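Dumped start-v4.cif below, it's mmCIF, C-alpha atoms:
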```cif
data_query
loop_
_atom_site.group_PDB
_atom_site.id
_atom_site.type_symbol
_atom_site.label_atom_id
_atom_site.label_comp_id
_atom_site.auth_asym_id
_atom_site.auth_seq_id
_atom_site.Cartn_x
_atom_site.Cartn_y
_atom_site.Cartn_z
ATOM 1 C CA ASN A 1 0.000 0.000 0.000
ATOM 2 C CA GLN A 2 2.847 2.402 0.745
ATOM 3 C CA ILE A 3 4.202 1.891 -2.767
ATOM 4 C CA ARG A 4 0.822 2.774 -4.287
ATOM 5 C CA PHE A 5 0.527 5.813 -2.037
ATOM 6 C CA ASP A 6 4.024 6.989 -2.990
ATOM 7 C CA ALA A 7 3.311 6.455 -6.697
ATOM 8 C CA VAL A 8 0.076 8.449 -6.542
ATOM 9 C CA LYS A 9 1.828 11.206 -4.579
ATOM 10 C CA VAL A 10 4.585 11.484 -7.190
ATOM 11 C CA LEU A 11 2.027 11.589 -10.003
ATOM 12 C CA GLY A 12 -0.165 14.128 -8.223
ATOM 13 C CA ASP A 13 2.750 16.342 -7.245
ATOM 14 C CA GLY A 14 4.115 16.124 -10.781
ATOM 15 C CA GLY A 15 0.910 17.364 -12.354
ATOM 16 C CA ALA A 16 -0.066 14.066 -13.971
ATOM 17 C CA LYS A 17 -3.530 13.903 -15.466
ATOM 18 C CA VAL A 18 -5.637 12.133 -12.837
ATOM 19 C CA ASP A 19 -9.110 12.677 -14.236
ATOM 20 C CA PRO A 20 -9.546 9.948 -16.874
ATOM 21 C CA VAL A 21 -12.515 7.677 -16.309
ATOM 22 C CA GLU A 22 -12.809 3.958 -16.859
ATOM 23 C CA LYS A 23 -15.257 2.836 -19.535
ATOM 24 C CA HIS A 24 -17.782 0.656 -17.756
ATOM 25 C CA PHE A 25 -18.917 2.702 -14.736
ATOM 26 C CA GLN A 26 -17.203 5.978 -15.676
ATOM 27 C CA ASN A 27 -15.401 6.147 -12.334
ATOM 28 C CA ASN A 28 -12.253 8.227 -12.006
ATOM 29 C CA ALA A 29 -9.378 7.774 -9.569
ATOM 30 C CA LEU A 30 -11.192 9.676 -6.811
ATOM 31 C CA HIS A 31 -14.266 7.455 -7.127
ATOM 32 C CA TRP A 32 -12.007 4.409 -6.693
ATOM 33 C CA ALA A 33 -10.125 5.897 -3.722
ATOM 34 C CA ALA A 34 -13.454 6.712 -2.058
ATOM 35 C CA ASP A 35 -14.736 3.225 -2.789
ATOM 36 C CA ARG A 36 -11.675 1.722 -1.107
ATOM 37 C CA GLY A 37 -11.789 4.153 1.814
ATOM 38 C CA ASN A 38 -8.208 5.209 1.175
ATOM 39 C CA GLU A 39 -7.778 8.531 2.976
ATOM 40 C CA GLY A 40 -4.184 9.118 1.898
ATOM 41 C CA ILE A 41 -4.837 8.746 -1.809
ATOM 42 C CA THR A 42 -8.117 10.648 -1.500
ATOM 43 C CA GLU A 43 -6.255 13.579 0.063
ATOM 44 C CA ILE A 44 -3.626 13.609 -2.694
ATOM 45 C CA LEU A 45 -6.254 13.486 -5.433
ATOM 46 C CA CYS A 46 -8.399 16.203 -3.816
ATOM 47 C CA LYS A 47 -5.390 18.529 -3.711
ATOM 48 C CA ALA A 48 -4.111 17.647 -7.194
ATOM 49 C CA ALA A 49 -7.490 17.693 -8.937
ATOM 50 C CA PRO A 50 -10.261 19.318 -6.863
ATOM 51 C CA GLN A 51 -12.514 19.292 -9.934
ATOM 52 C CA LEU A 52 -12.926 15.537 -9.382
ATOM 53 C CA LEU A 53 -15.050 16.174 -6.287
ATOM 54 C CA ASP A 54 -18.065 17.081 -8.419
ATOM 55 C CA THR A 55 -17.741 14.354 -11.034
ATOM 56 C CA GLN A 56 -20.478 11.792 -11.396
ATOM 57 C CA ASN A 57 -20.192 8.224 -12.610
ATOM 58 C CA ILE A 58 -22.716 6.412 -14.813
ATOM 59 C CA ASN A 59 -25.058 6.048 -11.804
ATOM 60 C CA GLY A 60 -24.865 9.757 -10.969
ATOM 61 C CA ASP A 61 -22.696 9.110 -7.896
ATOM 62 C CA THR A 62 -19.967 11.521 -6.844
ATOM 63 C CA PRO A 63 -16.968 10.254 -4.869
ATOM 64 C CA PHE A 64 -18.735 11.521 -1.706
ATOM 65 C CA ASP A 65 -21.828 9.468 -2.563
ATOM 66 C CA ILE A 66 -19.724 6.346 -3.001
ATOM 67 C CA ALA A 67 -17.862 6.891 0.271
ATOM 68 C CA THR A 68 -21.155 7.478 2.085
ATOM 69 C CA LYS A 69 -22.627 4.232 0.743
ATOM 70 C CA LYS A 70 -19.510 2.256 1.663
ATOM 71 C CA THR A 71 -19.113 3.686 5.166
ATOM 72 C CA ARG A 72 -20.147 1.352 7.932
ATOM 73 C CA ASP A 73 -18.897 3.529 10.757
ATOM 74 C CA PRO A 74 -19.247 7.272 10.087
ATOM 75 C CA LYS A 75 -16.998 8.138 13.056
ATOM 76 C CA SER A 76 -14.031 6.190 11.674
ATOM 77 C CA SER A 77 -14.638 7.579 8.171
ATOM 78 C CA LYS A 78 -15.096 11.190 9.281
ATOM 79 C CA ASN A 79 -11.833 12.390 7.675
ATOM 80 C CA LEU A 80 -12.567 10.672 4.373
ATOM 81 C CA LEU A 81 -16.096 12.044 4.202
ATOM 82 C CA SER A 82 -15.017 15.566 5.133
ATOM 83 C CA MET A 83 -12.444 15.576 2.316
ATOM 84 C CA LEU A 84 -15.086 14.506 -0.189
ATOM 85 C CA GLU A 85 -18.003 16.559 1.061
ATOM 86 C CA PRO A 86 -19.361 18.853 -1.638
ATOM 87 C CA ALA A 87 -18.944 22.570 -1.120
ATOM 88 C CA GLU A 88 -22.133 24.439 -0.417
ATOM 89 C CA SER A 89 -23.397 26.493 -3.339
#
```
Can you present the structure in this file as structure tokens?
Amino acid sequence: NQIRFDAVKVLGDGGAKVDPVEKHFQNNALHWAADRGNEGITEILCKAAPQLLDTQNINGDTPFDIATKKTRDPKSSKNLLSMLEPAES
């Protein structure tokens, strides 16, 4: 896991394009990080590409929606959810 974290950090810090989506569900990297509950990678992606916070997949789910659905214990996932929470309009 540390190797993946380090790789994502290098890519994010280096300005790599992190917003491509996969074909089937149209999830991007932030959707997948939220799905896995990975706070470290979520933080990197939020800083490197904040525009990903508002993206929706084929089901209309944002990364926040996915994290909310996957969370079994909101207290332990508080940091993850706060990073992904949509800004108020």
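As for atom CA of A:Thr68 and atom CA of A:Ala34, they are spaced 8.8 Å apart.
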Worksheet, complete the sentence: Expressed in Å, the length from atom CA of A:Gln26 to atom CA of A:Asp65 is 14.3 Å
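Proximity of A:Glu22, A:Gly40, A:Asp73, A:Phe64 to A:Leu52, computed with only C-alpha atoms, is greatest for A:Phe64.
We find atom CA of A:Gln56 and atom CA of A:Glu39 to be spaced 19.5 Å apart.
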Worksheet item: If you apply the PyMOL selection byres ((chain A and resi 67) around 10) to this file, what residues do you get, as a ChimeraX atom specification?
Response: /A:31-38,61-66,68-72,74,77,80-81,84-85
How big is the axis-aligned box around all listed atoms of stretch 35-40 of chain A once 3 Å goes on each side, and where's its centre, in Å to one decimal, as AutoDock Vina command-line options?
```
--center_x -9.5 --center_y 5.4 --center_z 0.1 --size_x 16.6 --size_y 13.4 --size_z 11.8
```
Worksheet entry | Selection result of the PyMOL selection byres ((chain A and resi 25) around 9) on this file, as JSON, numbers by chain | {"A": [21, 22, 23, 24, 26, 27, 57, 58, 59]}
Picked residues, the PyMOL selection byres ((chain A and resi 87) around 12), expected as a CSV table (one decimal) with C-alpha atoms, keeping the file's coordinate frame:
```csv
chain,number,residue,atom,x,y,z
A,50,PRO,CA,-10.3,19.3,-6.9
A,51,GLN,CA,-12.5,19.3,-9.9
A,53,LEU,CA,-15.0,16.2,-6.3
A,54,ASP,CA,-18.1,17.1,-8.4
A,64,PHE,CA,-18.7,11.5,-1.7
A,82,SER,CA,-15.0,15.6,5.1
A,83,MET,CA,-12.4,15.6,2.3
A,84,LEU,CA,-15.1,14.5,-0.2
A,85,GLU,CA,-18.0,16.6,1.1
A,86,PRO,CA,-19.4,18.9,-1.6
A,88,GLU,CA,-22.1,24.4,-0.4
A,89,SER,CA,-23.4,26.5,-3.3
```
